[in-house]
>>> print(open('work.cif').read())   # mmCIF, N, CA and C atoms
data_work
#
loop_
_atom_site.label_atom_id
_atom_site.label_comp_id
_atom_site.auth_asym_id
_atom_site.auth_seq_id
_atom_site.Cartn_x
_atom_site.Cartn_y
_atom_site.Cartn_z
N MET C 1 -24.89 36.36 -21.20
CA MET C 1 -24.08 35.70 -20.20
C MET C 1 -22.69 36.35 -20.20
N PRO C 2 -22.25 36.84 -19.09
CA PRO C 2 -20.95 37.53 -19.05
C PRO C 2 -19.81 36.54 -19.25
N ASP C 3 -18.77 37.00 -19.89
CA ASP C 3 -17.61 36.13 -20.07
C ASP C 3 -16.53 36.46 -19.05
N VAL C 4 -15.40 35.82 -19.17
CA VAL C 4 -14.33 35.96 -18.19
C VAL C 4 -13.79 37.39 -18.17
N ARG C 5 -13.66 38.01 -19.34
CA ARG C 5 -13.13 39.38 -19.38
C ARG C 5 -14.04 40.36 -18.65
N GLU C 6 -15.33 40.20 -18.82
CA GLU C 6 -16.27 41.09 -18.14
C GLU C 6 -16.22 40.87 -16.63
N ALA C 7 -16.09 39.61 -16.21
CA ALA C 7 -16.00 39.31 -14.78
C ALA C 7 -14.73 39.91 -14.18
N MET C 8 -13.62 39.79 -14.90
CA MET C 8 -12.36 40.35 -14.41
C MET C 8 -12.43 41.88 -14.39
N ALA C 9 -13.11 42.47 -15.38
CA ALA C 9 -13.24 43.92 -15.41
C ALA C 9 -14.10 44.41 -14.25
N SER C 10 -15.15 43.67 -13.91
CA SER C 10 -16.02 44.09 -12.80
C SER C 10 -15.32 43.97 -11.45
N SER C 11 -14.31 43.09 -11.35
CA SER C 11 -13.57 42.95 -10.10
C SER C 11 -12.29 43.77 -10.10
N LYS C 12 -12.15 44.61 -11.12
CA LYS C 12 -10.99 45.50 -11.26
C LYS C 12 -9.68 44.73 -11.29
N GLY C 13 -9.71 43.56 -11.93
CA GLY C 13 -8.51 42.77 -12.14
C GLY C 13 -8.07 41.94 -10.95
N LYS C 14 -8.82 42.00 -9.86
CA LYS C 14 -8.45 41.22 -8.67
C LYS C 14 -9.20 39.89 -8.69
N LEU C 15 -8.45 38.84 -8.82
CA LEU C 15 -9.05 37.51 -8.88
C LEU C 15 -9.77 37.16 -7.58
N SER C 16 -9.24 37.60 -6.45
CA SER C 16 -9.84 37.28 -5.16
C SER C 16 -11.17 38.00 -4.94
N ALA C 17 -11.46 39.03 -5.72
CA ALA C 17 -12.72 39.77 -5.56
C ALA C 17 -13.88 39.12 -6.32
N LEU C 18 -13.59 38.11 -7.12
CA LEU C 18 -14.66 37.45 -7.86
C LEU C 18 -15.58 36.69 -6.90
N HIS C 19 -16.84 36.54 -7.31
CA HIS C 19 -17.82 35.81 -6.50
C HIS C 19 -17.40 34.35 -6.34
N SER C 20 -17.02 33.71 -7.42
CA SER C 20 -16.57 32.32 -7.41
C SER C 20 -15.26 32.24 -8.17
N LEU C 21 -14.26 31.68 -7.54
CA LEU C 21 -12.95 31.58 -8.18
C LEU C 21 -12.98 30.52 -9.28
N PRO C 22 -12.25 30.75 -10.37
CA PRO C 22 -12.26 29.78 -11.48
C PRO C 22 -11.80 28.38 -11.07
N GLY C 23 -10.90 28.29 -10.11
CA GLY C 23 -10.42 26.98 -9.65
C GLY C 23 -11.53 26.16 -9.03
N TYR C 24 -12.46 26.81 -8.34
CA TYR C 24 -13.59 26.10 -7.75
C TYR C 24 -14.44 25.45 -8.83
N HIS C 25 -14.64 26.16 -9.92
CA HIS C 25 -15.44 25.60 -11.01
C HIS C 25 -14.73 24.39 -11.63
N GLY C 26 -13.42 24.49 -11.77
CA GLY C 26 -12.66 23.37 -12.33
C GLY C 26 -12.72 22.15 -11.44
N VAL C 27 -12.58 22.34 -10.14
CA VAL C 27 -12.65 21.22 -9.21
C VAL C 27 -14.06 20.61 -9.21
N TYR C 28 -15.07 21.46 -9.27
CA TYR C 28 -16.45 20.99 -9.30
C TYR C 28 -16.70 20.11 -10.53
N VAL C 29 -16.23 20.58 -11.68
CA VAL C 29 -16.40 19.81 -12.91
C VAL C 29 -15.61 18.50 -12.83
N ALA C 30 -14.39 18.56 -12.29
CA ALA C 30 -13.57 17.35 -12.17
C ALA C 30 -14.24 16.31 -11.26
N ILE C 31 -14.81 16.78 -10.16
CA ILE C 31 -15.49 15.85 -9.25
C ILE C 31 -16.66 15.18 -9.96
N TRP C 32 -17.46 15.97 -10.68
CA TRP C 32 -18.62 15.40 -11.36
C TRP C 32 -18.23 14.56 -12.55
N ALA C 33 -17.02 14.67 -13.05
CA ALA C 33 -16.57 13.82 -14.15
C ALA C 33 -15.95 12.52 -13.62
N VAL C 34 -15.21 12.61 -12.51
CA VAL C 34 -14.47 11.46 -12.01
C VAL C 34 -15.32 10.55 -11.12
N LEU C 35 -16.12 11.12 -10.24
CA LEU C 35 -16.88 10.29 -9.29
C LEU C 35 -17.84 9.31 -9.97
N PRO C 36 -18.66 9.72 -10.94
CA PRO C 36 -19.52 8.72 -11.57
C PRO C 36 -18.73 7.63 -12.29
N ALA C 37 -17.64 8.01 -12.94
CA ALA C 37 -16.82 7.00 -13.62
C ALA C 37 -16.20 6.04 -12.61
N ALA C 38 -15.73 6.55 -11.49
CA ALA C 38 -15.15 5.69 -10.46
C ALA C 38 -16.21 4.76 -9.86
N PHE C 39 -17.42 5.26 -9.69
CA PHE C 39 -18.51 4.44 -9.17
C PHE C 39 -18.85 3.31 -10.13
N VAL C 40 -18.96 3.63 -11.41
CA VAL C 40 -19.28 2.61 -12.42
C VAL C 40 -18.16 1.57 -12.47
N LEU C 41 -16.90 2.01 -12.41
CA LEU C 41 -15.77 1.09 -12.43
C LEU C 41 -15.80 0.16 -11.21
N ALA C 42 -16.09 0.72 -10.04
CA ALA C 42 -16.14 -0.10 -8.82
C ALA C 42 -17.26 -1.14 -8.91
N VAL C 43 -18.42 -0.72 -9.40
CA VAL C 43 -19.54 -1.67 -9.53
C VAL C 43 -19.17 -2.77 -10.52
N TRP C 44 -18.54 -2.40 -11.64
CA TRP C 44 -18.17 -3.40 -12.64
C TRP C 44 -17.13 -4.38 -12.08
N LEU C 45 -16.14 -3.87 -11.36
CA LEU C 45 -15.11 -4.75 -10.80
C LEU C 45 -15.70 -5.72 -9.79
N LEU C 46 -16.73 -5.30 -9.07
CA LEU C 46 -17.37 -6.20 -8.10
C LEU C 46 -18.31 -7.19 -8.77
N ALA C 47 -19.03 -6.75 -9.80
CA ALA C 47 -20.07 -7.58 -10.41
C ALA C 47 -19.58 -8.46 -11.55
N SER C 48 -18.52 -8.08 -12.23
CA SER C 48 -18.11 -8.81 -13.44
C SER C 48 -17.74 -10.27 -13.18
N PRO C 49 -17.04 -10.61 -12.09
CA PRO C 49 -16.75 -12.05 -11.90
C PRO C 49 -18.01 -12.90 -11.80
N PHE C 50 -19.03 -12.40 -11.12
CA PHE C 50 -20.27 -13.16 -11.00
C PHE C 50 -20.97 -13.26 -12.35
N PHE C 51 -20.98 -12.17 -13.11
CA PHE C 51 -21.62 -12.16 -14.41
C PHE C 51 -20.92 -13.13 -15.37
N VAL C 52 -19.60 -13.10 -15.40
CA VAL C 52 -18.84 -13.96 -16.30
C VAL C 52 -19.02 -15.43 -15.91
N GLU C 53 -18.94 -15.72 -14.62
CA GLU C 53 -19.09 -17.12 -14.19
C GLU C 53 -20.49 -17.64 -14.50
N ASN C 54 -21.50 -16.84 -14.26
CA ASN C 54 -22.87 -17.28 -14.58
C ASN C 54 -23.07 -17.46 -16.07
N SER C 55 -22.44 -16.61 -16.88
CA SER C 55 -22.54 -16.74 -18.33
C SER C 55 -21.88 -18.04 -18.80
N VAL C 56 -20.70 -18.33 -18.26
CA VAL C 56 -20.00 -19.56 -18.63
C VAL C 56 -20.77 -20.77 -18.13
N ARG C 57 -21.28 -20.69 -16.92
CA ARG C 57 -22.03 -21.81 -16.34
C ARG C 57 -23.28 -22.12 -17.19
N SER C 58 -23.97 -21.07 -17.65
CA SER C 58 -25.17 -21.31 -18.45
C SER C 58 -24.83 -21.78 -19.86
N ALA C 59 -23.61 -21.55 -20.31
CA ALA C 59 -23.21 -21.99 -21.65
C ALA C 59 -22.71 -23.44 -21.66
N LEU C 60 -22.51 -24.03 -20.48
CA LEU C 60 -22.07 -25.42 -20.43
C LEU C 60 -23.17 -26.33 -20.98
N PRO C 61 -22.79 -27.42 -21.60
CA PRO C 61 -23.80 -28.34 -22.14
C PRO C 61 -24.69 -28.91 -21.04
N GLU C 62 -25.90 -29.24 -21.41
CA GLU C 62 -26.87 -29.79 -20.46
C GLU C 62 -26.35 -31.09 -19.84
N SER C 63 -25.60 -31.87 -20.62
CA SER C 63 -25.07 -33.13 -20.08
C SER C 63 -24.11 -32.88 -18.92
N VAL C 64 -23.37 -31.79 -18.94
CA VAL C 64 -22.45 -31.47 -17.84
C VAL C 64 -23.24 -30.93 -16.66
N GLN C 65 -24.19 -30.05 -16.92
CA GLN C 65 -24.97 -29.44 -15.84
C GLN C 65 -25.80 -30.47 -15.08
N SER C 66 -26.25 -31.52 -15.76
CA SER C 66 -27.11 -32.52 -15.11
C SER C 66 -26.32 -33.51 -14.26
N GLN C 67 -24.99 -33.51 -14.35
CA GLN C 67 -24.19 -34.48 -13.60
C GLN C 67 -23.90 -34.05 -12.17
N GLY C 68 -24.28 -32.86 -11.80
CA GLY C 68 -24.06 -32.43 -10.42
C GLY C 68 -23.09 -31.28 -10.33
N SER C 69 -23.02 -30.73 -9.11
CA SER C 69 -22.21 -29.53 -8.92
C SER C 69 -20.71 -29.81 -9.01
N ALA C 70 -20.26 -30.99 -8.61
CA ALA C 70 -18.83 -31.29 -8.66
C ALA C 70 -18.33 -31.30 -10.10
N THR C 71 -19.07 -31.93 -10.99
CA THR C 71 -18.68 -31.97 -12.39
C THR C 71 -18.73 -30.59 -13.02
N THR C 72 -19.76 -29.82 -12.65
CA THR C 72 -19.87 -28.46 -13.17
C THR C 72 -18.71 -27.60 -12.71
N GLU C 73 -18.34 -27.70 -11.44
CA GLU C 73 -17.21 -26.93 -10.91
C GLU C 73 -15.90 -27.36 -11.57
N LEU C 74 -15.75 -28.65 -11.82
CA LEU C 74 -14.55 -29.14 -12.50
C LEU C 74 -14.45 -28.56 -13.91
N MET C 75 -15.57 -28.55 -14.61
CA MET C 75 -15.59 -28.00 -15.97
C MET C 75 -15.31 -26.50 -15.95
N LEU C 76 -15.88 -25.78 -14.98
CA LEU C 76 -15.60 -24.35 -14.86
C LEU C 76 -14.12 -24.10 -14.59
N GLY C 77 -13.51 -24.94 -13.78
CA GLY C 77 -12.07 -24.82 -13.52
C GLY C 77 -11.26 -25.02 -14.79
N GLN C 78 -11.66 -25.99 -15.61
CA GLN C 78 -10.95 -26.22 -16.87
C GLN C 78 -11.12 -25.03 -17.82
N VAL C 79 -12.31 -24.46 -17.85
CA VAL C 79 -12.54 -23.29 -18.70
C VAL C 79 -11.67 -22.13 -18.24
N MET C 80 -11.55 -21.94 -16.92
CA MET C 80 -10.71 -20.87 -16.38
C MET C 80 -9.24 -21.10 -16.73
N GLN C 81 -8.80 -22.35 -16.67
CA GLN C 81 -7.41 -22.67 -17.03
C GLN C 81 -7.14 -22.33 -18.49
N VAL C 82 -8.05 -22.69 -19.37
CA VAL C 82 -7.87 -22.38 -20.79
C VAL C 82 -7.88 -20.87 -21.00
N ALA C 83 -8.79 -20.16 -20.32
CA ALA C 83 -8.86 -18.71 -20.47
C ALA C 83 -7.57 -18.06 -19.99
N ASN C 84 -7.04 -18.52 -18.87
CA ASN C 84 -5.77 -17.97 -18.38
C ASN C 84 -4.61 -18.34 -19.29
N GLY C 85 -4.66 -19.53 -19.87
CA GLY C 85 -3.61 -19.95 -20.80
C GLY C 85 -3.62 -19.14 -22.08
N LEU C 86 -4.79 -18.74 -22.53
CA LEU C 86 -4.88 -17.92 -23.75
C LEU C 86 -4.20 -16.57 -23.56
N LYS C 87 -4.18 -16.08 -22.33
CA LYS C 87 -3.50 -14.81 -22.05
C LYS C 87 -2.00 -14.90 -22.25
N LEU C 88 -1.47 -16.12 -22.16
CA LEU C 88 -0.02 -16.32 -22.30
C LEU C 88 0.44 -16.40 -23.76
N LEU C 89 -0.48 -16.65 -24.67
CA LEU C 89 -0.11 -16.83 -26.07
C LEU C 89 0.10 -15.47 -26.75
N ASN C 90 1.10 -15.42 -27.62
CA ASN C 90 1.29 -14.19 -28.40
C ASN C 90 0.37 -14.24 -29.62
N ALA C 91 0.40 -13.20 -30.43
CA ALA C 91 -0.54 -13.07 -31.55
C ALA C 91 -0.36 -14.20 -32.58
N ASP C 92 0.89 -14.58 -32.87
CA ASP C 92 1.13 -15.64 -33.85
C ASP C 92 0.61 -16.99 -33.36
N GLU C 93 0.87 -17.29 -32.09
CA GLU C 93 0.39 -18.55 -31.53
C GLU C 93 -1.14 -18.58 -31.48
N LEU C 94 -1.73 -17.47 -31.14
CA LEU C 94 -3.18 -17.39 -31.08
C LEU C 94 -3.80 -17.57 -32.46
N ALA C 95 -3.16 -16.99 -33.48
CA ALA C 95 -3.65 -17.15 -34.85
C ALA C 95 -3.54 -18.60 -35.30
N ALA C 96 -2.44 -19.28 -34.92
CA ALA C 96 -2.25 -20.68 -35.29
C ALA C 96 -3.32 -21.56 -34.64
N VAL C 97 -3.64 -21.27 -33.38
CA VAL C 97 -4.66 -22.06 -32.68
C VAL C 97 -6.03 -21.78 -33.28
N THR C 98 -6.32 -20.52 -33.60
CA THR C 98 -7.62 -20.15 -34.15
C THR C 98 -7.84 -20.77 -35.52
N SER C 99 -6.78 -20.83 -36.33
CA SER C 99 -6.92 -21.39 -37.67
C SER C 99 -7.01 -22.92 -37.65
N GLY C 100 -6.66 -23.52 -36.53
CA GLY C 100 -6.74 -24.97 -36.42
C GLY C 100 -5.46 -25.68 -36.79
N SER C 101 -4.40 -24.94 -37.11
CA SER C 101 -3.14 -25.56 -37.50
C SER C 101 -2.27 -25.93 -36.31
N SER C 102 -2.72 -25.59 -35.11
CA SER C 102 -1.94 -25.89 -33.92
C SER C 102 -2.88 -26.40 -32.83
N ASN C 103 -2.33 -27.19 -31.92
CA ASN C 103 -3.09 -27.76 -30.82
C ASN C 103 -3.09 -26.78 -29.64
N LEU C 104 -4.26 -26.39 -29.18
CA LEU C 104 -4.38 -25.43 -28.08
C LEU C 104 -3.75 -25.97 -26.80
N GLN C 105 -4.04 -27.21 -26.46
CA GLN C 105 -3.51 -27.79 -25.23
C GLN C 105 -1.98 -27.83 -25.25
N GLY C 106 -1.42 -28.19 -26.38
CA GLY C 106 0.04 -28.22 -26.49
C GLY C 106 0.65 -26.84 -26.37
N ARG C 107 0.04 -25.84 -27.03
CA ARG C 107 0.56 -24.46 -26.96
C ARG C 107 0.51 -23.93 -25.53
N ILE C 108 -0.62 -24.14 -24.87
CA ILE C 108 -0.74 -23.65 -23.50
C ILE C 108 0.22 -24.39 -22.58
N GLY C 109 0.38 -25.70 -22.80
CA GLY C 109 1.30 -26.48 -21.99
C GLY C 109 2.74 -26.02 -22.13
N ARG C 110 3.14 -25.64 -23.36
CA ARG C 110 4.50 -25.14 -23.57
C ARG C 110 4.72 -23.78 -22.91
N GLN C 111 3.66 -23.06 -22.66
CA GLN C 111 3.79 -21.75 -22.01
C GLN C 111 3.83 -21.88 -20.48
N GLY C 112 3.77 -23.09 -19.97
CA GLY C 112 3.83 -23.30 -18.53
C GLY C 112 2.48 -23.25 -17.87
N CYS C 113 1.44 -23.53 -18.63
CA CYS C 113 0.09 -23.46 -18.08
C CYS C 113 -0.57 -24.82 -18.15
N ALA C 114 0.11 -25.83 -17.69
CA ALA C 114 -0.46 -27.18 -17.68
C ALA C 114 -0.59 -27.65 -16.23
N ASP C 115 -1.54 -28.49 -16.00
CA ASP C 115 -1.73 -29.13 -14.69
C ASP C 115 -1.94 -28.12 -13.56
N GLY C 116 -2.73 -27.08 -13.79
CA GLY C 116 -3.10 -26.14 -12.73
C GLY C 116 -2.03 -25.14 -12.35
N LYS C 117 -0.98 -25.01 -13.15
CA LYS C 117 0.10 -24.08 -12.83
C LYS C 117 -0.02 -22.78 -13.60
N CYS C 118 -1.20 -22.51 -14.15
CA CYS C 118 -1.38 -21.37 -15.03
C CYS C 118 -1.23 -20.04 -14.29
N ARG C 119 -1.76 -19.93 -13.11
CA ARG C 119 -1.66 -18.68 -12.36
C ARG C 119 -0.20 -18.35 -12.08
N ARG C 120 0.58 -19.35 -11.73
CA ARG C 120 1.99 -19.13 -11.46
C ARG C 120 2.71 -18.67 -12.73
N ALA C 121 2.37 -19.27 -13.86
CA ALA C 121 2.98 -18.87 -15.13
C ALA C 121 2.59 -17.45 -15.50
N LEU C 122 1.33 -17.09 -15.30
CA LEU C 122 0.89 -15.72 -15.57
C LEU C 122 1.61 -14.74 -14.67
N TYR C 123 1.75 -15.05 -13.38
CA TYR C 123 2.41 -14.16 -12.45
C TYR C 123 3.88 -14.00 -12.82
N GLY C 124 4.53 -15.11 -13.19
CA GLY C 124 5.94 -15.04 -13.58
C GLY C 124 6.14 -14.17 -14.81
N ARG C 125 5.24 -14.26 -15.78
CA ARG C 125 5.36 -13.44 -16.98
C ARG C 125 5.17 -11.97 -16.65
N LYS C 126 4.19 -11.65 -15.80
CA LYS C 126 3.96 -10.27 -15.41
C LYS C 126 5.16 -9.73 -14.65
N LEU C 127 5.73 -10.55 -13.76
CA LEU C 127 6.87 -10.13 -12.97
C LEU C 127 8.07 -9.87 -13.88
N ARG C 128 8.31 -10.77 -14.85
CA ARG C 128 9.45 -10.57 -15.75
C ARG C 128 9.28 -9.31 -16.59
N SER C 129 8.05 -9.06 -17.08
CA SER C 129 7.84 -7.87 -17.90
C SER C 129 7.99 -6.60 -17.07
N THR C 130 7.66 -6.66 -15.78
CA THR C 130 7.82 -5.49 -14.91
C THR C 130 9.29 -5.23 -14.65
N ILE C 131 10.06 -6.28 -14.44
CA ILE C 131 11.50 -6.13 -14.16
C ILE C 131 12.23 -5.61 -15.39
N ILE C 132 11.86 -6.08 -16.58
CA ILE C 132 12.55 -5.69 -17.81
C ILE C 132 12.32 -4.21 -18.11
N ARG C 133 11.15 -3.68 -17.81
CA ARG C 133 10.86 -2.26 -18.08
C ARG C 133 11.72 -1.39 -17.29
#
>>> encode(input="work.cif", output="structure tokens")
Amino acid sequence: MPDVREAMASSKGKLSALHSLPGYHGVYVAIWAVLPAAFVLAVWLLASPFFVENSVRSALPESVQSQGSATTELMLGQVMQVANGLKLLNADELAAVTSGSSNLQGRIGRQGCADGKCRRALYGRKLRSTIIR
């Protein structure tokens, strides 16, 4: 298999005389590396919310699932609130909650994630961190 030096020697040092320019090969490899990854990412971003919700829904106790769709949706909303509230806790607070020495509801409430205001608290934290940078 000829190498780059042999190819350049056969073209008498003129890059434009080569059969295929090296840049074309680089772009070809980049396309084949990026496109499949972008496709997998797009599929995951579209499918993951459904997968996560179905996983949480199936993990709910049978007593909740048997009470009807309104109760199930209410429980899913509470699970989402707790999940969003956990994003607001720092490592020390999370360790305290995990060890059982702290109350999760109280910690999340102090972070501004009580009574359905969690999304606003998350947005405010992201906005403040963006402004500070």
>>> atom_distance(input="work.cif", atom1="atom CA of C:Leu94", atom2="atom CA of C:Val64")
27.3 Å
>>> residues_near_point(input="work.cif", point="(-14.9, -16.5, -15.0)", cutoff="10 Å", atoms="only C-alpha atoms", output="short mmCIF file (atom, residue, chain, number, x, y, z; two decimals) with N, CA and C atoms, in the coordinates of the input")
data_model
loop_
_atom_site.label_atom_id
_atom_site.label_comp_id
_atom_site.auth_asym_id
_atom_site.auth_seq_id
_atom_site.Cartn_x
_atom_site.Cartn_y
_atom_site.Cartn_z
N SER C 48 -18.52 -8.08 -12.23
CA SER C 48 -18.11 -8.81 -13.44
C SER C 48 -17.74 -10.27 -13.18
N PRO C 49 -17.04 -10.61 -12.09
CA PRO C 49 -16.75 -12.05 -11.90
C PRO C 49 -18.01 -12.90 -11.80
N PHE C 50 -19.03 -12.40 -11.12
CA PHE C 50 -20.27 -13.16 -11.00
C PHE C 50 -20.97 -13.26 -12.35
N PHE C 51 -20.98 -12.17 -13.11
CA PHE C 51 -21.62 -12.16 -14.41
C PHE C 51 -20.92 -13.13 -15.37
N VAL C 52 -19.60 -13.10 -15.40
CA VAL C 52 -18.84 -13.96 -16.30
C VAL C 52 -19.02 -15.43 -15.91
N GLU C 53 -18.94 -15.72 -14.62
CA GLU C 53 -19.09 -17.12 -14.19
C GLU C 53 -20.49 -17.64 -14.50
N ASN C 54 -21.50 -16.84 -14.26
CA ASN C 54 -22.87 -17.28 -14.58
C ASN C 54 -23.07 -17.46 -16.07
N SER C 55 -22.44 -16.61 -16.88
CA SER C 55 -22.54 -16.74 -18.33
C SER C 55 -21.88 -18.04 -18.80
N VAL C 56 -20.70 -18.33 -18.26
CA VAL C 56 -20.00 -19.56 -18.63
C VAL C 56 -20.77 -20.77 -18.13
N ARG C 57 -21.28 -20.69 -16.92
CA ARG C 57 -22.03 -21.81 -16.34
C ARG C 57 -23.28 -22.12 -17.19
N LEU C 76 -15.88 -25.78 -14.98
CA LEU C 76 -15.60 -24.35 -14.86
C LEU C 76 -14.12 -24.10 -14.59
N GLY C 77 -13.51 -24.94 -13.78
CA GLY C 77 -12.07 -24.82 -13.52
C GLY C 77 -11.26 -25.02 -14.79
N VAL C 79 -12.31 -24.46 -17.85
CA VAL C 79 -12.54 -23.29 -18.70
C VAL C 79 -11.67 -22.13 -18.24
N MET C 80 -11.55 -21.94 -16.92
CA MET C 80 -10.71 -20.87 -16.38
C MET C 80 -9.24 -21.10 -16.73
N GLN C 81 -8.80 -22.35 -16.67
CA GLN C 81 -7.41 -22.67 -17.03
C GLN C 81 -7.14 -22.33 -18.49
N ALA C 83 -8.79 -20.16 -20.32
CA ALA C 83 -8.86 -18.71 -20.47
C ALA C 83 -7.57 -18.06 -19.99
N ASN C 84 -7.04 -18.52 -18.87
CA ASN C 84 -5.77 -17.97 -18.38
C ASN C 84 -4.61 -18.34 -19.29
#
>>> atom_distance(input="work.cif", atom1="atom C of C:Gly109", atom2="atom N of C:Leu86")
10.5 Å
>>> atom_distance(input="work.cif", atom1="atom N of C:Pro61", atom2="atom CA of C:Met75")
9.2 Å
>>> axis_aligned_box(input="work.cif", around="stretch 23-29 of chain C", padding_each_side="6 Å", output="JSON")
{"center_x": -13.6, "center_y": 23.4, "center_z": -10.3, "size_x": 18.3, "size_y": 21.8, "size_z": 17.2}
>>> closest_residue(input="work.cif", among="C:Leu89, C:Leu60, C:Ile108, C:Leu46", to="C:Leu74", atoms="only C-alpha atoms")
C:Leu60
